[in-house]
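Chemist: One file: final.cif (mmCIF, C-alpha atoms).
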```cif
data_entry
#
loop_
_atom_site.label_atom_id
_atom_site.label_comp_id
_atom_site.auth_asym_id
_atom_site.auth_seq_id
_atom_site.Cartn_x
_atom_site.Cartn_y
_atom_site.Cartn_z
CA MET A 1 -10.01 -19.15 11.32
CA LYS A 2 -13.54 -17.85 10.87
CA ARG A 3 -13.58 -14.62 8.84
CA GLY A 4 -14.67 -11.61 10.86
CA PHE A 5 -13.60 -13.22 14.15
CA LEU A 6 -10.76 -10.80 14.74
CA ASN A 7 -13.05 -7.76 14.61
CA THR A 8 -15.67 -8.83 17.14
CA LYS A 9 -16.21 -8.44 20.87
CA LYS A 10 -16.36 -12.23 21.06
CA SER A 11 -12.68 -12.48 20.12
CA THR A 12 -11.77 -10.07 22.92
CA LYS A 13 -13.67 -12.09 25.49
CA GLU A 14 -12.34 -15.47 24.42
CA THR A 15 -8.67 -14.43 24.40
CA GLN A 16 -9.13 -12.92 27.91
CA GLU A 17 -6.64 -10.12 27.32
CA PRO A 18 -6.70 -7.15 29.69
CA THR A 19 -7.07 -4.45 27.03
CA PRO A 20 -9.39 -4.34 23.99
CA ALA A 21 -6.75 -3.23 21.47
CA ARG A 22 -5.42 -6.31 19.66
CA ASP A 23 -2.46 -7.31 17.52
CA VAL A 24 -2.31 -10.61 15.67
CA ILE A 25 1.00 -12.16 14.61
CA GLY A 26 1.47 -14.86 11.99
CA ASP A 27 4.08 -17.28 10.73
CA ALA A 28 7.48 -16.07 9.58
CA PHE A 29 7.73 -15.07 5.93
CA GLU A 30 10.72 -14.70 3.70
CA HIS A 31 10.94 -11.06 2.53
CA ALA A 32 10.79 -11.20 -1.25
CA GLY A 33 8.85 -9.44 -3.98
CA ALA A 34 7.97 -12.78 -5.54
CA VAL A 35 9.44 -16.25 -5.69
CA GLN A 36 11.48 -17.78 -8.50
CA LEU A 37 13.16 -21.16 -8.35
CA GLY A 38 16.94 -21.22 -8.38
CA SER A 39 19.74 -23.58 -7.49
CA ASN A 40 19.61 -22.42 -3.87
CA GLY A 41 15.82 -22.20 -3.52
CA PRO A 42 13.51 -19.19 -3.92
CA THR A 43 14.93 -15.86 -5.05
CA ALA A 44 13.25 -12.45 -5.34
CA TYR A 45 12.01 -10.57 -8.38
CA LYS A 46 9.09 -8.31 -9.26
CA LEU A 47 5.56 -9.66 -9.03
CA PRO A 48 4.17 -10.98 -12.33
CA ILE A 49 1.71 -9.02 -14.47
CA GLY A 50 -0.41 -9.74 -17.53
CA LYS A 51 -2.50 -12.73 -18.51
CA LEU A 52 -0.79 -15.72 -16.93
CA ASP A 53 -1.35 -19.37 -16.16
CA THR A 54 -2.97 -19.17 -12.72
CA THR A 55 -3.08 -22.93 -12.06
CA LEU A 56 -2.07 -23.86 -8.53
CA PRO A 57 -0.10 -27.06 -7.79
CA GLU A 58 -2.15 -30.22 -7.42
CA ASN A 59 -3.40 -30.79 -3.86
CA TYR A 60 -2.32 -27.30 -2.79
CA VAL A 61 -5.04 -25.44 -0.87
CA PRO A 62 -4.41 -21.86 0.34
CA LYS A 63 -4.57 -21.65 4.12
CA PRO A 64 -4.71 -18.64 6.44
CA PRO A 65 -1.52 -18.18 8.45
CA LYS A 66 -1.38 -19.58 11.96
CA VAL A 67 -1.87 -16.62 14.26
CA SER A 68 -1.70 -15.67 17.94
CA VAL A 69 -3.48 -12.73 19.59
CA PHE A 70 -1.56 -10.18 21.66
CA ASP A 71 -2.27 -6.97 23.55
CA GLY A 72 -2.25 -4.09 21.07
CA LYS A 73 0.42 -2.28 23.09
CA THR A 74 2.94 -5.09 22.56
CA VAL A 75 6.04 -4.10 20.57
CA ASP A 76 8.68 -6.71 21.47
CA TYR A 77 7.93 -9.06 18.58
CA SER A 78 10.48 -11.12 16.72
CA ASP A 79 11.65 -9.66 13.42
CA ASN A 80 10.74 -13.02 11.85
CA HIS A 81 7.03 -12.50 12.33
CA ILE A 82 4.43 -10.57 10.41
CA ILE A 83 2.17 -8.42 12.58
CA PHE A 84 -1.44 -7.46 11.91
CA THR A 85 -2.09 -4.27 13.87
CA THR A 86 -4.19 -1.09 13.85
CA ILE A 87 -2.50 2.33 13.62
CA PRO A 88 -3.21 4.29 15.76
CA PRO A 89 -4.42 1.59 18.20
CA ARG A 90 -8.20 1.40 18.64
CA THR A 91 -10.60 -0.61 20.75
CA PHE A 92 -13.18 -2.89 19.15
CA ASP A 93 -15.94 -0.61 20.48
CA GLU A 94 -14.68 2.47 18.63
CA THR A 95 -16.23 3.47 15.30
CA SER A 96 -15.57 6.19 12.72
CA ALA A 97 -18.04 8.36 14.67
CA ASP A 98 -15.58 8.34 17.57
CA SER A 99 -12.64 9.43 15.40
CA PRO A 100 -13.17 11.09 11.99
CA ASP A 101 -9.47 10.52 11.27
CA THR A 102 -10.24 6.75 11.26
CA TRP A 103 -7.54 4.07 11.48
CA SER A 104 -5.19 2.06 9.28
CA GLU A 105 -4.99 -1.71 9.24
CA CYS A 106 -1.32 -2.57 8.87
CA LEU A 107 0.70 -5.63 8.02
CA LEU A 108 4.15 -5.01 9.50
CA ARG A 109 7.41 -6.95 9.38
CA GLY A 110 8.54 -7.53 12.96
CA GLY A 111 8.49 -5.41 16.09
CA LYS A 112 11.09 -2.85 14.96
CA GLN A 113 8.77 -1.40 12.34
CA LYS A 114 5.92 -0.99 14.83
CA CYS A 115 8.31 0.65 17.34
CA ALA A 116 9.51 3.05 14.65
CA ILE A 117 5.93 4.22 14.06
CA LEU A 118 4.81 4.42 17.70
CA ASN A 119 8.04 6.20 18.76
CA THR A 120 7.83 8.87 16.07
CA PRO A 121 7.85 12.30 17.76
CA GLY A 122 4.30 13.69 17.87
CA PHE A 123 2.59 10.33 17.25
CA PRO A 124 -0.36 10.01 17.12
CA ALA A 125 -1.07 13.46 15.64
CA SER A 126 -4.38 14.49 14.11
CA VAL A 127 -4.76 14.27 10.35
CA PRO A 128 -4.39 17.73 8.71
CA LYS A 129 -7.62 19.28 7.39
CA PRO A 130 -8.07 21.83 4.57
CA PRO A 131 -10.12 24.94 5.56
CA GLN A 132 -12.98 23.78 3.32
CA VAL A 133 -13.82 20.87 1.02
CA ARG A 134 -11.67 21.32 -2.07
CA HIS A 135 -12.41 18.17 -4.05
CA ARG A 136 -15.12 15.83 -5.24
CA ILE A 137 -15.04 12.29 -6.62
CA GLY A 138 -16.83 11.69 -9.90
CA PRO A 139 -16.70 9.99 -13.30
CA SER A 140 -13.72 10.83 -15.49
CA ALA A 141 -12.33 9.68 -18.82
CA HIS A 142 -10.56 6.82 -17.00
CA GLY A 143 -13.23 5.68 -14.54
CA MET A 144 -13.63 7.54 -11.25
CA GLY A 145 -11.45 10.60 -10.64
CA MET A 146 -10.89 13.56 -8.34
CA PHE A 147 -11.93 17.08 -9.34
CA ALA A 148 -11.24 20.46 -7.76
CA THR A 149 -14.27 22.27 -6.27
CA LYS A 150 -12.25 25.47 -5.67
CA ASP A 151 -9.51 27.30 -7.54
CA LEU A 152 -6.25 26.03 -6.06
CA VAL A 153 -2.75 27.48 -5.95
CA PRO A 154 0.52 25.60 -5.37
CA HIS A 155 0.86 24.09 -1.88
CA ASP A 156 -2.88 24.24 -1.15
CA LEU A 157 -3.90 21.17 0.88
CA ILE A 158 -6.55 19.25 -1.08
CA ILE A 159 -7.04 16.31 1.29
CA ALA A 160 -5.15 14.26 3.86
CA GLU A 161 -6.15 10.79 4.97
CA ARG A 162 -4.86 7.66 6.60
CA PRO A 163 -4.50 4.54 4.45
CA MET A 164 -7.18 1.92 4.83
CA LEU A 165 -4.44 -0.68 4.39
CA ALA A 166 -0.64 -0.48 4.75
CA LEU A 167 1.56 -3.42 3.82
CA PRO A 168 5.19 -4.11 2.89
CA THR A 169 6.08 -3.56 -0.74
CA VAL A 170 7.91 -6.90 -0.63
CA MET A 171 6.58 -10.14 0.81
CA GLY A 172 7.18 -13.81 0.18
CA MET A 173 5.58 -17.17 0.78
CA SER A 174 5.76 -19.06 4.05
CA VAL A 175 8.90 -21.18 3.99
CA GLU A 176 7.05 -24.29 5.11
CA ARG A 177 4.60 -23.92 2.20
CA TYR A 178 7.33 -23.84 -0.45
CA LYS A 179 8.03 -27.13 -2.23
CA PRO A 180 11.07 -27.82 -4.42
CA SER A 181 8.75 -29.57 -6.88
CA PHE A 182 6.96 -26.28 -7.72
CA THR A 183 7.54 -24.96 -11.22
CA PRO A 184 8.35 -21.21 -11.44
CA SER A 185 4.76 -20.54 -12.50
CA GLN A 186 3.33 -22.58 -9.64
CA ALA A 187 5.64 -20.92 -7.11
CA ASN A 188 4.41 -17.51 -8.27
CA GLN A 189 0.77 -18.53 -7.92
CA VAL A 190 1.31 -20.06 -4.47
CA HIS A 191 3.05 -16.88 -3.37
CA LEU A 192 0.14 -14.74 -4.53
CA ALA A 193 -2.35 -17.05 -2.81
CA GLU A 194 -0.36 -16.94 0.45
CA VAL A 195 -0.30 -13.13 0.47
CA GLU A 196 -4.03 -12.99 -0.26
CA GLU A 197 -4.73 -15.14 2.82
CA CYS A 198 -2.74 -12.70 4.97
CA LEU A 199 -4.57 -9.70 3.57
CA LYS A 200 -7.92 -11.29 4.38
CA ILE A 201 -7.02 -10.91 8.04
CA CYS A 202 -6.33 -7.21 7.50
CA LEU A 203 -9.68 -6.68 5.81
CA ASP A 204 -11.51 -8.61 8.52
CA ARG A 205 -10.10 -6.15 11.07
CA MET A 206 -11.35 -3.09 9.16
CA LEU A 207 -14.40 -1.08 10.07
CA PRO A 208 -17.34 -2.12 7.85
CA GLU A 209 -17.30 1.15 5.88
CA SER A 210 -13.56 0.86 5.19
CA HIS A 211 -13.98 -2.78 4.17
CA ALA A 212 -16.72 -1.81 1.70
CA ALA A 213 -14.78 1.19 0.37
CA TYR A 214 -11.69 -0.95 -0.23
CA LEU A 215 -13.63 -3.39 -2.38
CA THR A 216 -14.96 -0.55 -4.58
CA LEU A 217 -11.42 0.35 -5.72
CA TYR A 218 -10.45 -0.62 -9.25
CA ASN A 219 -8.49 -3.85 -9.78
CA CYS A 220 -6.38 -4.22 -12.92
CA HIS A 221 -4.68 -7.43 -11.73
CA THR A 222 -7.47 -9.89 -12.52
CA GLU A 223 -5.55 -12.24 -14.83
CA ASP A 224 -2.17 -12.74 -13.12
CA GLY A 225 -3.27 -14.77 -10.09
CA SER A 226 -3.58 -11.86 -7.65
CA GLY A 227 -6.60 -12.23 -5.40
CA PRO A 228 -9.18 -9.41 -5.13
CA ILE A 229 -7.47 -7.87 -2.08
CA LEU A 230 -3.88 -8.07 -3.34
CA GLY A 231 -4.97 -7.04 -6.84
CA ARG A 232 -6.49 -3.82 -5.50
CA ALA A 233 -3.39 -3.17 -3.38
CA ARG A 234 -1.17 -3.58 -6.44
CA THR A 235 -3.43 -1.35 -8.54
CA ASN A 236 -3.97 1.46 -6.04
CA GLY A 237 -1.03 1.25 -3.61
CA ILE A 238 1.03 4.40 -3.13
CA HIS A 239 4.65 4.07 -2.04
CA LEU A 240 5.32 5.27 1.52
CA ASP A 241 8.74 5.41 3.18
CA ILE A 242 8.52 5.00 6.97
CA PRO A 243 11.77 6.04 8.72
CA THR A 244 13.32 3.43 11.00
CA GLY A 245 14.22 5.98 13.68
CA SER A 246 17.61 4.27 13.96
CA THR A 247 20.90 6.17 14.18
CA SER A 248 22.84 3.15 12.92
CA GLN A 249 24.13 3.46 9.36
CA ASP A 250 23.30 -0.21 8.84
CA ASP A 251 19.66 0.26 9.84
CA LYS A 252 18.73 3.64 8.34
CA GLU A 253 17.02 2.38 5.18
CA PRO A 254 13.32 3.32 5.57
CA TYR A 255 10.62 0.66 5.67
CA SER A 256 9.28 0.45 2.14
CA THR A 257 5.50 0.36 2.50
CA SER A 258 2.49 0.51 0.22
CA GLY A 259 -0.61 2.42 1.35
CA VAL A 260 -4.10 1.95 -0.11
CA PHE A 261 -6.36 4.97 0.41
CA ASP A 262 -10.10 5.53 0.12
CA VAL A 263 -9.81 8.86 -1.74
CA ILE A 264 -6.16 9.57 -2.63
CA SER A 265 -5.76 6.15 -4.25
CA ARG A 266 -8.34 7.27 -6.84
CA ILE A 267 -5.96 9.95 -7.82
CA ASN A 268 1.98 15.30 -5.38
CA HIS A 269 1.75 13.74 -1.92
CA ARG A 270 3.65 13.51 1.34
CA PHE A 271 3.33 10.85 4.01
CA ASP A 272 3.41 12.15 7.59
CA VAL A 273 4.26 9.44 10.12
CA PRO A 274 3.09 11.28 13.30
CA SER A 275 -0.46 11.49 11.94
CA PHE A 276 0.05 8.34 9.82
CA SER A 277 -1.58 10.16 6.91
CA LEU A 278 -0.88 11.17 3.34
CA SER A 279 -1.39 14.79 2.27
CA LEU A 280 -2.31 15.68 -1.29
CA ARG A 281 -1.26 19.22 -2.26
CA ALA A 282 -1.40 21.20 -5.48
CA ILE A 283 1.94 21.76 -7.24
CA CYS A 284 0.49 24.04 -9.94
CA PRO A 285 -2.62 26.25 -10.29
CA ILE A 286 -5.82 24.15 -10.62
CA LYS A 287 -9.17 25.62 -11.67
CA ALA A 288 -12.46 24.62 -10.07
CA GLY A 289 -13.91 21.71 -12.06
CA GLU A 290 -10.51 20.59 -13.37
CA GLU A 291 -9.51 16.98 -12.74
CA ILE A 292 -6.71 16.49 -10.21
CA THR A 293 -4.10 13.98 -11.38
CA ILE A 294 -0.77 12.57 -10.26
CA THR A 295 2.19 11.05 -12.07
CA TYR A 296 2.29 7.25 -11.94
CA CYS A 297 5.92 6.89 -12.97
CA GLU A 298 9.19 8.73 -13.47
CA ILE A 299 8.61 11.69 -15.75
CA GLY A 300 12.31 12.12 -16.53
CA VAL A 301 12.44 9.13 -18.90
CA PRO A 302 11.52 8.77 -22.61
CA LYS A 303 7.92 8.15 -23.68
CA ALA A 304 8.49 4.47 -24.53
CA LYS A 305 9.93 3.83 -21.06
CA ARG A 306 7.03 5.68 -19.39
CA GLN A 307 4.47 3.62 -21.28
CA ASP A 308 6.28 0.43 -20.23
CA LEU A 309 6.23 1.56 -16.57
CA LEU A 310 2.48 2.23 -16.87
CA ARG A 311 1.70 -1.19 -18.35
CA PRO A 312 0.91 -2.80 -14.94
CA TYR A 313 -1.93 -0.29 -14.52
CA GLY A 314 -3.70 -1.45 -17.66
CA PHE A 315 -3.91 1.80 -19.62
CA GLN A 316 -2.00 3.85 -22.19
CA CYS A 317 -1.33 7.43 -21.12
CA THR A 318 -2.72 10.12 -23.46
CA CYS A 319 -1.64 13.19 -21.47
CA PRO A 320 -0.35 16.19 -23.49
CA VAL A 321 3.29 15.15 -22.93
CA CYS A 322 2.81 11.53 -23.99
CA SER A 323 0.69 12.62 -26.98
CA ASP A 324 3.35 15.05 -28.28
CA PRO A 325 5.76 13.34 -30.76
CA GLY A 326 8.42 15.94 -29.95
CA SER A 327 8.23 15.56 -26.17
CA ASP A 328 11.33 13.36 -25.89
CA VAL A 329 13.54 15.98 -27.57
CA LEU A 330 12.16 18.69 -25.27
CA LEU A 331 12.59 16.42 -22.25
CA VAL A 332 16.31 15.94 -22.97
CA ARG A 333 16.79 19.72 -23.15
CA ILE A 334 14.90 20.25 -19.87
CA LEU A 335 16.85 17.57 -18.03
CA GLU A 336 20.19 18.88 -19.29
CA ASN A 337 19.23 22.39 -18.19
CA LEU A 338 18.15 21.18 -14.73
CA LYS A 339 21.30 19.11 -14.30
CA SER A 340 23.54 22.06 -15.23
CA LYS A 341 21.78 24.23 -12.63
CA HIS A 342 21.18 21.78 -9.80
CA GLY A 343 23.55 18.87 -10.45
CA GLU A 344 20.68 16.33 -10.45
CA PRO A 345 18.01 15.53 -13.03
CA LEU A 346 14.30 15.88 -12.34
CA ASN A 347 12.97 12.72 -10.67
CA VAL A 348 9.35 12.92 -9.58
CA VAL A 349 7.91 9.44 -9.04
CA MET A 350 4.62 7.77 -8.25
CA HIS A 351 5.84 4.26 -7.51
CA ASP A 352 4.27 1.05 -8.73
CA SER A 353 4.61 0.01 -5.12
CA ILE A 354 3.91 -3.74 -5.25
#
```
Written as structure tokens, how would this file's structure read?
Modeler:
Amino acid sequence: MKRGFLNTKKSTKETQEPTPARDVIGDAFEHAGAVQLGSNGPTAYKLPIGKLDTTLPENYVPKPPKVSVFDGKTVDYSDNHIIFTTIPPRTFDETSADSPDTWSECLLRGGKQKCAILNTPGFPASVPKPPQVRHRIGPSAHGMGMFATKDLVPHDLIIAERPMLALPTVMGMSVERYKPSFTPSQANQVHLAEVEECLKICLDRMLPESHAAYLTLYNCHTEDGSGPILGRARTNGIHLDIPTGSTSQDDKEPYSTSGVFDVISRINHRFDVPSFSLSLRAICPIKAGEEITITYCEIGVPKAKRQDLLRPYGFQCTCPVCSDPGSDVLLVRILENLKSKHGEPLNVVMHDSI
């Protein structure tokens, strides 16, 4: 498929659909974080990181998934299909000038997930706005960062925005593309290449400014076989739980999703499904000019464990807690105190979402 085709008026005309909003569905995918060979075929485990052999199998050429175009209002898809859709729905004629809240390009797993979003009470709500601009983006000690432009107190809204890209935290390769002759390393690389081809469709559907902004995000997955789109999603993705809306106990587990944001990905947060946006709020006093940061991993674990959790991001944390040799002893005391008062230890997490 020609890149850019899905985001043009030409595509609307040629498919002869009655409405301009469009979904695209692709081949069925096994739902797995990555692929590893086993006695019964592929099994799931976490995506690889680090400097790896990125050689693809001989004669293997990555191909875009076979897709079909549907009316954007369609929801009765098979659960065995992946869906490329825009949330909230937009026409191809609309631009960011028509809606400052913009839109999210989403890769969803089956029709149930789309129904869960569209049937959320209040959807589609407007994205919350702070009373004035409270942040700026600028150089920091670790690249680009977010800084406060006003003194902030706990619960102050700093920014809310919709993700440029939302995708499942777990995906696998197309079953028909998997070959028993693949070595574990080759299977991993084919899987990464397959996902990259899917994400190209998502980027082709983006508005030009969102497409450009996405490609300016940092990518720390340049040596493990991740393509430039997937690598940026793995580096900057923030974990979002989207409720299923189901009352069945067997179907209540939320859809585990990763969101990549223009601003918030450069930096406590809450995802609001009705507005399909993430809100960044202060959880402690922040002075004007001070950098705004978030935790990338569980803070209720020892320093060595935290550093291991941060390894996929390509940096070693030098925050005051990680730099204090006595922090682990103090952490144990804090956690024991919290557990005695509340019955549960502190567990604030910024997930490594993919």
Chemist: Any chance you could work out the residue set of the PyMOL selection byres ((chain A and resi 193) around 9) here, as a list in words?
Modeler: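 Output from the PyMOL selection byres ((chain A and resi 193) around 9), applied to this file: Leu56, Pro62, Lys63, Met173, Asn188, Gln189, Val190, His191, Leu192, Glu194, Val195, Glu196, Glu197, Cys198, Gly225, Ser226 and Gly227 of chain A.
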Chemist: Of the residues A:Lys129, A:His221, A:His211, A:Arg90, which is the one nearest to Arg311 in chain A, using all atoms listed in the file?
Modeler: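 Nearest candidate to Arg311 in chain A out of A:Lys129, A:His221, A:His211, A:Arg90: A:His221.
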Chemist: I need the residue nearest Pro48 in chain A from this list: A:Pro100, A:Pro302, A:Pro184, A:Pro208. Use all atoms listed in the file for the distance.
Modeler: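 Answer, going by the shortest atom-to-atom distance: A:Pro184.
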Chemist: Between CA of His239 in chain A and CA of Cys106 in chain A, what is the spacing in Å?
Modeler: 14.1 Å
Chemist: Given all atoms listed in the file as the basis, pick out the residue of A:Pro285, A:Ser258, A:Arg109, A:Ala304 nearest to Ser323 in chain A.
Modeler: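 Of all the options, A:Ala304 lies closest to Ser323 in chain A.
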Chemist: Work out how far CA of Pro57 in chain A is from CA of Gln186 in chain A, in Å to one decimal.
Modeler: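 Going from CA of Gln186 in chain A over to CA of Pro57 in chain A, I get 5.9 Å.
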Chemist: Would you please work out which residue, of A:Met144, A:Val69, A:Leu215, A:Ile87, is nearest to Leu108 in chain A when using only C-alpha atoms?
Modeler: A:Ile87
Chemist: Could you expand the PyMOL selection byres ((chain A and resi 328) around 12) into the explicit residues it covers here, written as a PyMOL selection string?
Modeler: chain A and resi 299-306+321-327+329-335
Chemist: Please save C-alpha atoms of the selected residues as a PDB file, in the coordinates of the input.
Modeler:
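Output file selection31.pdb follows:
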```pdb
ATOM      1  CA  ILE A 299       8.610  11.690 -15.750  1.00  0.00           C
ATOM      2  CA  GLY A 300      12.310  12.120 -16.530  1.00  0.00           C
ATOM      3  CA  VAL A 301      12.440   9.130 -18.900  1.00  0.00           C
ATOM      4  CA  PRO A 302      11.520   8.770 -22.610  1.00  0.00           C
ATOM      5  CA  LYS A 303       7.920   8.150 -23.680  1.00  0.00           C
ATOM      6  CA  ALA A 304       8.490   4.470 -24.530  1.00  0.00           C
ATOM      7  CA  LYS A 305       9.930   3.830 -21.060  1.00  0.00           C
ATOM      8  CA  ARG A 306       7.030   5.680 -19.390  1.00  0.00           C
ATOM      9  CA  VAL A 321       3.290  15.150 -22.930  1.00  0.00           C
ATOM     10  CA  CYS A 322       2.810  11.530 -23.990  1.00  0.00           C
ATOM     11  CA  SER A 323       0.690  12.620 -26.980  1.00  0.00           C
ATOM     12  CA  ASP A 324       3.350  15.050 -28.280  1.00  0.00           C
ATOM     13  CA  PRO A 325       5.760  13.340 -30.760  1.00  0.00           C
ATOM     14  CA  GLY A 326       8.420  15.940 -29.950  1.00  0.00           C
ATOM     15  CA  SER A 327       8.230  15.560 -26.170  1.00  0.00           C
ATOM     16  CA  VAL A 329      13.540  15.980 -27.570  1.00  0.00           C
ATOM     17  CA  LEU A 330      12.160  18.690 -25.270  1.00  0.00           C
ATOM     18  CA  LEU A 331      12.590  16.420 -22.250  1.00  0.00           C
ATOM     19  CA  VAL A 332      16.310  15.940 -22.970  1.00  0.00           C
ATOM     20  CA  ARG A 333      16.790  19.720 -23.150  1.00  0.00           C
ATOM     21  CA  ILE A 334      14.900  20.250 -19.870  1.00  0.00           C
ATOM     22  CA  LEU A 335      16.850  17.570 -18.030  1.00  0.00           C
TER      23      LEU A 335
END
```
Chemist: One decimal, in Å: what's the spacing between CA of Asp53 in chain A and CA of Ile229 in chain A?
Modeler: 19.2 Å
Chemist: Residues near Thr216 in chain A, anyone? I mean within 10 Å using only C-alpha atoms, not counting same-chain ones fewer than 6 positions away, as a list in words.
Modeler: Ser210, Arg232 and Asp262 of chain A
Chemist: Which of these residues is nearest to Ser185 in chain A, using all atoms listed in the file: A:Phe84, A:Ala213, A:Leu309, A:Asp224?
Modeler: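 Comparing A:Phe84, A:Ala213, A:Leu309, A:Asp224 against Ser185 in chain A, the winner is A:Asp224.
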